[in-house]
Amino acid sequence: MEVPRLSSAERLILQLLAGEEMFGLQLVEQSGGALKRGTVYVTLGRMQDKGYVESWTEKQPPGAIGLPRRLYRPTAYGLRVLEAWEAAARTFRRRPQLKPAT
Amino acid sequence: MIPGRLLHRIAALTCSARSLEQVVEPAIADLQREQGMAALVSNYVAVLKVLGLCVLDISEATDDDRRAVKRTLAWGLVFTCPLTLLFVMPPLSSFPEVRGWFAATLLVPQALPLAIPIGLAFAVAVGLPGRPTMNVVKGVVLVAVGASLVSFAALAWGLPVGNEGFRRVAADVARSNGELVSVDPSKGPNEMWLSELSREISGMTAAGNHRGARRYSWTFHLRFTLALAVMAVATFLLSVPIDRRLFRGLIAFVTCFSYWALIYIGELAIRRDYLTPFAGAWLPNLICAAATMVALSWSMRPGRSDVVNHA
């Protein structure tokens, strides 16, 4: 079975969404510059394809103009993948001798 | 007017339904909620980047890919800035009485379309790894497209305004020195807007001045050619399968030199009626495109490693 990959941007997005559902721009603001406006939407699109996040468009009040915004939240699978990566990171931090010899 | 409507229409024509729904529309929806000019502008840039990524179908980029593209862009700026200053010097030195940063700034639009292709050519030679990945190639192509748009803006709008402004500044300085100068010196082809050039060409043709019409027609077509010079040169250098930076630098130098030589050859051919103004102006880009095809087919023949790393 192939271990699911999680890039640093995807990890950060899942960590931010674990707290609350957000719009794309909110993720950029909450990340403190780690996520870029131009690439966050592409990353979120890929994460949806991988099943890490799900999204839906907000209900707009009658008479609202412009496109409805899209909200994101992590799936149970996405949270499991994040948990697995964080467990791996904790393991490496606890066991410094696991680092490769230079 | 709601911001992002035109971008939405462009995206609907160029992106897949999935990309439009899941990637582009969320970006545009967020843009439409922004307040303030600075936030709006930065969101417009972000949406254009999203569009570019969707259209080029750039797959998940690694940190190495991003670093390679940023390095190429940085080298492009490092080369382009001094080249722009260099190309501003000749007209300034022709008018030694005209001094000051304002006068030099007026000449930047005519220097940029020359400096940008050379700057990006050397940036591709120096900044890219030995065998760039497909993502890096697509990223550099995106950079070249952006540079082409900047060149076109400089040629279509900046050049007429800047040159005309510089001529008037030079005329004012000459007048203040007691020289006899016409109150309103007539515009040459490099001070005309594209629409003015087009009208002048029609007028000259109707008046039977075919020599003048051909010269102005060449200037008209050259503005479009030079805007695409950066694309022609960058795609050729990306297609050449050479790993070592020194050799790539030499090829970049030869490519740029040959390109500008072809511009002069094209102009000469037009003056002697060997070529039409359109053919003469587009000669360098056509030869560059042909050379790119040859380089690509040579690098992809059986037994030869790919020009790009498909990692």
# chains A, B, ... in the order shown; residues from 1 in each chain; ligands from 1
>>> residues_around(residues="A:Val53", least_positions_apart="4", cutoff="10 Å", atoms="only C-alpha atoms", output="list of chain:residue names")
A:Glu10, A:Ile13, A:Leu14, A:Leu17, A:Leu44, A:Gly45, A:Arg46, A:Met47, A:Gln48, A:Asp49, A:Tyr72, A:Arg73, A:Pro74, A:Thr75, A:Ala76, A:Tyr77, A:Gly78, A:Leu79
>>> write_last_selection(atoms="N, CA, C and O atoms", output="PDB file, in the first residue's frame")
ATOM      1  N   GLU A  10       0.459  21.445   1.975  1.00  0.00           N
ATOM      2  CA  GLU A  10      -0.742  20.661   2.313  1.00  0.00           C
ATOM      3  C   GLU A  10      -0.835  20.427   3.813  1.00  0.00           C
ATOM      4  O   GLU A  10      -1.923  20.482   4.403  1.00  0.00           O
ATOM      5  N   ILE A  13      -2.006  23.605   5.453  1.00  0.00           N
ATOM      6  CA  ILE A  13      -3.435  23.832   5.192  1.00  0.00           C
ATOM      7  C   ILE A  13      -4.281  22.939   6.099  1.00  0.00           C
ATOM      8  O   ILE A  13      -5.262  23.391   6.702  1.00  0.00           O
ATOM      9  N   LEU A  14      -3.912  21.668   6.219  1.00  0.00           N
ATOM     10  CA  LEU A  14      -4.682  20.745   7.074  1.00  0.00           C
ATOM     11  C   LEU A  14      -4.608  21.186   8.538  1.00  0.00           C
ATOM     12  O   LEU A  14      -5.612  21.112   9.259  1.00  0.00           O
ATOM     13  N   LEU A  17      -6.947  24.157   8.875  1.00  0.00           N
ATOM     14  CA  LEU A  17      -8.360  23.787   8.721  1.00  0.00           C
ATOM     15  C   LEU A  17      -8.840  22.894   9.859  1.00  0.00           C
ATOM     16  O   LEU A  17     -10.056  22.792  10.081  1.00  0.00           O
ATOM     17  N   LEU A  44      -5.358  23.626  -2.950  1.00  0.00           N
ATOM     18  CA  LEU A  44      -6.641  23.164  -2.407  1.00  0.00           C
ATOM     19  C   LEU A  44      -7.361  22.280  -3.424  1.00  0.00           C
ATOM     20  O   LEU A  44      -7.988  21.279  -3.054  1.00  0.00           O
ATOM     21  N   GLY A  45      -7.260  22.629  -4.716  1.00  0.00           N
ATOM     22  CA  GLY A  45      -7.877  21.802  -5.757  1.00  0.00           C
ATOM     23  C   GLY A  45      -7.280  20.399  -5.773  1.00  0.00           C
ATOM     24  O   GLY A  45      -7.986  19.400  -5.884  1.00  0.00           O
ATOM     25  N   ARG A  46      -5.935  20.333  -5.638  1.00  0.00           N
ATOM     26  CA  ARG A  46      -5.264  19.017  -5.644  1.00  0.00           C
ATOM     27  C   ARG A  46      -5.630  18.226  -4.401  1.00  0.00           C
ATOM     28  O   ARG A  46      -5.802  17.005  -4.455  1.00  0.00           O
ATOM     29  N   MET A  47      -5.748  18.942  -3.260  1.00  0.00           N
ATOM     30  CA  MET A  47      -6.080  18.250  -2.018  1.00  0.00           C
ATOM     31  C   MET A  47      -7.495  17.679  -2.092  1.00  0.00           C
ATOM     32  O   MET A  47      -7.766  16.615  -1.513  1.00  0.00           O
ATOM     33  N   GLN A  48      -8.383  18.355  -2.800  1.00  0.00           N
ATOM     34  CA  GLN A  48      -9.728  17.809  -2.992  1.00  0.00           C
ATOM     35  C   GLN A  48      -9.659  16.543  -3.831  1.00  0.00           C
ATOM     36  O   GLN A  48     -10.348  15.562  -3.546  1.00  0.00           O
ATOM     37  N   ASP A  49      -8.824  16.567  -4.888  1.00  0.00           N
ATOM     38  CA  ASP A  49      -8.669  15.374  -5.732  1.00  0.00           C
ATOM     39  C   ASP A  49      -8.124  14.199  -4.922  1.00  0.00           C
ATOM     40  O   ASP A  49      -8.490  13.047  -5.147  1.00  0.00           O
ATOM     41  N   TYR A  72     -13.685  25.576   2.908  1.00  0.00           N
ATOM     42  CA  TYR A  72     -12.952  24.304   2.928  1.00  0.00           C
ATOM     43  C   TYR A  72     -12.911  23.745   4.337  1.00  0.00           C
ATOM     44  O   TYR A  72     -12.846  24.504   5.320  1.00  0.00           O
ATOM     45  N   ARG A  73     -12.935  22.417   4.431  1.00  0.00           N
ATOM     46  CA  ARG A  73     -12.693  21.741   5.716  1.00  0.00           C
ATOM     47  C   ARG A  73     -12.016  20.408   5.422  1.00  0.00           C
ATOM     48  O   ARG A  73     -12.165  19.848   4.332  1.00  0.00           O
ATOM     49  N   PRO A  74     -11.281  19.885   6.399  1.00  0.00           N
ATOM     50  CA  PRO A  74     -10.568  18.631   6.147  1.00  0.00           C
ATOM     51  C   PRO A  74     -11.541  17.452   6.199  1.00  0.00           C
ATOM     52  O   PRO A  74     -12.530  17.471   6.928  1.00  0.00           O
ATOM     53  N   THR A  75     -11.260  16.426   5.435  1.00  0.00           N
ATOM     54  CA  THR A  75     -12.015  15.173   5.535  1.00  0.00           C
ATOM     55  C   THR A  75     -11.399  14.343   6.654  1.00  0.00           C
ATOM     56  O   THR A  75     -10.286  14.626   7.132  1.00  0.00           O
ATOM     57  N   ALA A  76     -12.106  13.296   7.061  1.00  0.00           N
ATOM     58  CA  ALA A  76     -11.574  12.396   8.092  1.00  0.00           C
ATOM     59  C   ALA A  76     -10.270  11.767   7.591  1.00  0.00           C
ATOM     60  O   ALA A  76      -9.308  11.603   8.355  1.00  0.00           O
ATOM     61  N   TYR A  77     -10.241  11.424   6.307  1.00  0.00           N
ATOM     62  CA  TYR A  77      -9.038  10.838   5.704  1.00  0.00           C
ATOM     63  C   TYR A  77      -7.880  11.830   5.752  1.00  0.00           C
ATOM     64  O   TYR A  77      -6.746  11.465   6.107  1.00  0.00           O
ATOM     65  N   GLY A  78      -8.159  13.088   5.430  1.00  0.00           N
ATOM     66  CA  GLY A  78      -7.120  14.109   5.457  1.00  0.00           C
ATOM     67  C   GLY A  78      -6.544  14.278   6.852  1.00  0.00           C
ATOM     68  O   GLY A  78      -5.328  14.416   7.029  1.00  0.00           O
ATOM     69  N   LEU A  79      -7.424  14.254   7.861  1.00  0.00           N
ATOM     70  CA  LEU A  79      -6.956  14.407   9.245  1.00  0.00           C
ATOM     71  C   LEU A  79      -6.114  13.205   9.663  1.00  0.00           C
ATOM     72  O   LEU A  79      -5.135  13.355  10.401  1.00  0.00           O
TER      73      LEU A  79
END
>>> interface_residues(of="chain A", to="chain B", cutoff="9 Å", atoms="only C-alpha atoms", output="list in words")
Ser7, Phe23, Gly24, Leu25, Lys36, Arg37, Gly38, Thr39, Val40, Tyr41, Val42, Thr43, Leu44, Gly45, Arg46, Gln48, Ser55, Thr57, Ile65, Gly66, Leu67, Pro68, Arg69, Arg70 and Leu71 of chain A
>>> write_last_selection(atoms="N, CA, C and O atoms", output="CSV table (one decimal), in the first residue's frame")
chain,number,residue,atom,x,y,z
A,7,SER,N,2.7,17.4,1.1
A,7,SER,CA,3.7,18.4,1.0
A,7,SER,C,3.6,19.4,2.2
A,7,SER,O,2.6,19.4,2.9
A,23,PHE,N,-12.2,30.1,4.1
A,23,PHE,CA,-12.1,30.4,2.7
A,23,PHE,C,-10.6,30.4,2.4
A,23,PHE,O,-9.7,30.4,3.2
A,24,GLY,N,-10.3,30.4,1.1
A,24,GLY,CA,-8.9,30.3,0.6
A,24,GLY,C,-8.1,31.5,1.1
A,24,GLY,O,-7.0,31.3,1.6
A,25,LEU,N,-8.7,32.7,1.0
A,25,LEU,CA,-7.9,33.9,1.4
A,25,LEU,C,-7.7,33.9,2.9
A,25,LEU,O,-6.6,34.4,3.3
A,36,LYS,N,0.8,31.2,-0.5
A,36,LYS,CA,0.7,32.4,-1.4
A,36,LYS,C,-0.6,32.4,-2.0
A,36,LYS,O,-1.3,31.4,-2.3
A,37,ARG,N,-1.1,33.6,-2.3
A,37,ARG,CA,-2.4,33.8,-2.9
A,37,ARG,C,-2.6,33.0,-4.2
A,37,ARG,O,-3.6,32.5,-4.6
A,38,GLY,N,-1.5,33.1,-5.0
A,38,GLY,CA,-1.6,32.5,-6.4
A,38,GLY,C,-1.6,31.0,-6.4
A,38,GLY,O,-2.2,30.4,-7.3
A,39,THR,N,-1.1,30.3,-5.4
A,39,THR,CA,-0.9,28.9,-5.4
A,39,THR,C,-1.9,28.2,-4.4
A,39,THR,O,-2.1,27.0,-4.6
A,40,VAL,N,-2.5,28.9,-3.5
A,40,VAL,CA,-3.3,28.2,-2.5
A,40,VAL,C,-4.5,27.5,-3.1
A,40,VAL,O,-4.8,26.4,-2.7
A,41,TYR,N,-5.1,28.2,-4.1
A,41,TYR,CA,-6.3,27.6,-4.7
A,41,TYR,C,-5.9,26.3,-5.5
A,41,TYR,O,-6.7,25.4,-5.6
A,42,VAL,N,-4.8,26.4,-6.2
A,42,VAL,CA,-4.3,25.2,-6.9
A,42,VAL,C,-4.0,24.0,-6.0
A,42,VAL,O,-4.4,22.9,-6.2
A,43,THR,N,-3.4,24.3,-4.8
A,43,THR,CA,-3.1,23.3,-3.8
A,43,THR,C,-4.4,22.8,-3.2
A,43,THR,O,-4.5,21.5,-3.1
A,44,LEU,N,-5.4,23.6,-2.9
A,44,LEU,CA,-6.6,23.2,-2.4
A,44,LEU,C,-7.4,22.3,-3.4
A,44,LEU,O,-8.0,21.3,-3.1
A,45,GLY,N,-7.3,22.6,-4.7
A,45,GLY,CA,-7.9,21.8,-5.8
A,45,GLY,C,-7.3,20.4,-5.8
A,45,GLY,O,-8.0,19.4,-5.9
A,46,ARG,N,-5.9,20.3,-5.6
A,46,ARG,CA,-5.3,19.0,-5.6
A,46,ARG,C,-5.6,18.2,-4.4
A,46,ARG,O,-5.8,17.0,-4.5
A,48,GLN,N,-8.4,18.4,-2.8
A,48,GLN,CA,-9.7,17.8,-3.0
A,48,GLN,C,-9.7,16.5,-3.8
A,48,GLN,O,-10.3,15.6,-3.5
A,55,SER,N,-15.1,20.8,0.0
A,55,SER,CA,-15.4,22.2,-0.1
A,55,SER,C,-16.9,22.3,-0.5
A,55,SER,O,-17.5,21.4,-1.1
A,57,THR,N,-19.8,25.7,-1.7
A,57,THR,CA,-20.0,27.2,-1.8
A,57,THR,C,-20.9,27.7,-0.8
A,57,THR,O,-21.9,27.0,-0.4
A,65,ILE,N,-24.1,40.1,-5.2
A,65,ILE,CA,-23.5,40.1,-6.5
A,65,ILE,C,-22.1,39.4,-6.4
A,65,ILE,O,-21.6,39.2,-5.3
A,66,GLY,N,-21.6,38.9,-7.6
A,66,GLY,CA,-20.3,38.2,-7.6
A,66,GLY,C,-20.5,36.8,-7.3
A,66,GLY,O,-21.6,36.3,-7.1
A,67,LEU,N,-19.4,36.0,-7.5
A,67,LEU,CA,-19.5,34.6,-7.4
A,67,LEU,C,-19.6,34.2,-5.9
A,67,LEU,O,-19.0,34.9,-5.0
A,68,PRO,N,-20.2,33.1,-5.5
A,68,PRO,CA,-20.2,32.6,-4.1
A,68,PRO,C,-18.8,32.1,-3.7
A,68,PRO,O,-18.2,31.5,-4.5
A,69,ARG,N,-18.4,32.4,-2.5
A,69,ARG,CA,-17.1,32.0,-2.0
A,69,ARG,C,-17.2,30.5,-1.7
A,69,ARG,O,-18.2,30.0,-1.3
A,70,ARG,N,-16.0,29.9,-1.7
A,70,ARG,CA,-15.9,28.4,-1.4
A,70,ARG,C,-15.2,28.2,0.0
A,70,ARG,O,-14.2,28.8,0.2
A,71,LEU,N,-15.9,27.5,0.8
A,71,LEU,CA,-15.4,27.1,2.1
A,71,LEU,C,-14.7,25.7,2.1
A,71,LEU,O,-15.2,24.9,1.4
>>> select_by_dssp(residues="stretch 1-100 of chain A", states="alpha helix (DSSP H)", output="PyMOL selection string")
chain A and resi 8-19+24-30+37-50+76-94
>>> closest_residue(among="A:Phe92, A:Lys50, A:Leu35, A:Leu27", to="A:Arg5", atoms="only C-alpha atoms")
A:Lys50
>>> atom_distance(atom1="atom CA of B:Ala39", atom2="atom CA of B:Asp65")
27.6 Å
>>> residues_around(residues="stretch 76-91 of chain B", least_positions_apart="4", cutoff="12 Å", atoms="only C-alpha atoms", output="ChimeraX atom specification")
/B:69-72,95-99,101,103-128,140,143-144,147,162-163,166-167,170,230,234
>>> residues_around(residues="stretch 198-204 of chain B", least_positions_apart="5", cutoff="7 Å", atoms="only C-alpha atoms", output="list in words")
Asn209, His210, Gly212, Ala213, Tyr216 and Ser217 of chain B
>>> select_by_dssp(residues="chain A", states="strand (DSSP E)", output="list in words")
Met22, Phe23, Val53, Glu54, Ser55, Trp56, Thr57, Arg70, Leu71, Tyr72, Arg73 and Pro74 of chain A
>>> write_last_selection(atoms="N, CA and C atoms", output="mmCIF file, in the first residue's frame")
data_model
loop_
_atom_site.group_PDB
_atom_site.id
_atom_site.type_symbol
_atom_site.label_atom_id
_atom_site.label_comp_id
_atom_site.auth_asym_id
_atom_site.auth_seq_id
_atom_site.Cartn_x
_atom_site.Cartn_y
_atom_site.Cartn_z
ATOM 1 N N MET A 22 -12.517 27.362 6.508
ATOM 2 C CA MET A 22 -12.074 28.697 6.065
ATOM 3 C C MET A 22 -12.221 28.860 4.558
ATOM 4 N N PHE A 23 -12.211 30.121 4.134
ATOM 5 C CA PHE A 23 -12.066 30.449 2.717
ATOM 6 C C PHE A 23 -10.579 30.408 2.358
ATOM 7 N N VAL A 53 -9.328 17.263 1.600
ATOM 8 C CA VAL A 53 -10.268 18.313 2.006
ATOM 9 C C VAL A 53 -11.541 18.202 1.175
ATOM 10 N N GLU A 54 -12.582 18.809 1.679
ATOM 11 C CA GLU A 54 -13.817 18.938 0.906
ATOM 12 C C GLU A 54 -14.245 20.399 0.952
ATOM 13 N N SER A 55 -15.064 20.781 -0.004
ATOM 14 C CA SER A 55 -15.437 22.200 -0.075
ATOM 15 C C SER A 55 -16.885 22.320 -0.513
ATOM 16 N N TRP A 56 -17.427 23.469 -0.255
ATOM 17 C CA TRP A 56 -18.774 23.786 -0.724
ATOM 18 C C TRP A 56 -18.882 25.302 -0.855
ATOM 19 N N THR A 57 -19.807 25.742 -1.687
ATOM 20 C CA THR A 57 -19.965 27.188 -1.850
ATOM 21 C C THR A 57 -20.944 27.690 -0.793
ATOM 22 N N ARG A 70 -15.983 29.879 -1.696
ATOM 23 C CA ARG A 70 -15.896 28.437 -1.405
ATOM 24 C C ARG A 70 -15.237 28.233 -0.048
ATOM 25 N N LEU A 71 -15.888 27.453 0.800
ATOM 26 C CA LEU A 71 -15.361 27.124 2.134
ATOM 27 C C LEU A 71 -14.719 25.745 2.098
ATOM 28 N N TYR A 72 -13.685 25.576 2.908
ATOM 29 C CA TYR A 72 -12.952 24.304 2.928
ATOM 30 C C TYR A 72 -12.911 23.745 4.337
ATOM 31 N N ARG A 73 -12.935 22.417 4.431
ATOM 32 C CA ARG A 73 -12.693 21.741 5.716
ATOM 33 C C ARG A 73 -12.016 20.408 5.422
ATOM 34 N N PRO A 74 -11.281 19.885 6.399
ATOM 35 C CA PRO A 74 -10.568 18.631 6.147
ATOM 36 C C PRO A 74 -11.541 17.452 6.199
#
>>> atom_distance(atom1="atom CA of A:Ser31", atom2="atom CA of B:Met134")
28.7 Å
>>> residues_around(residues="B:Leu155", least_positions_apart="3", cutoff="10 Å", atoms="only C-alpha atoms", output="MDAnalysis selection string")
chainID B and resid 109:113 149:152 158:161 190 193:194 222:224 226:227
>>> atom_distance(atom1="atom CA of B:Arg131", atom2="atom CA of B:Asp243")
6.2 Å
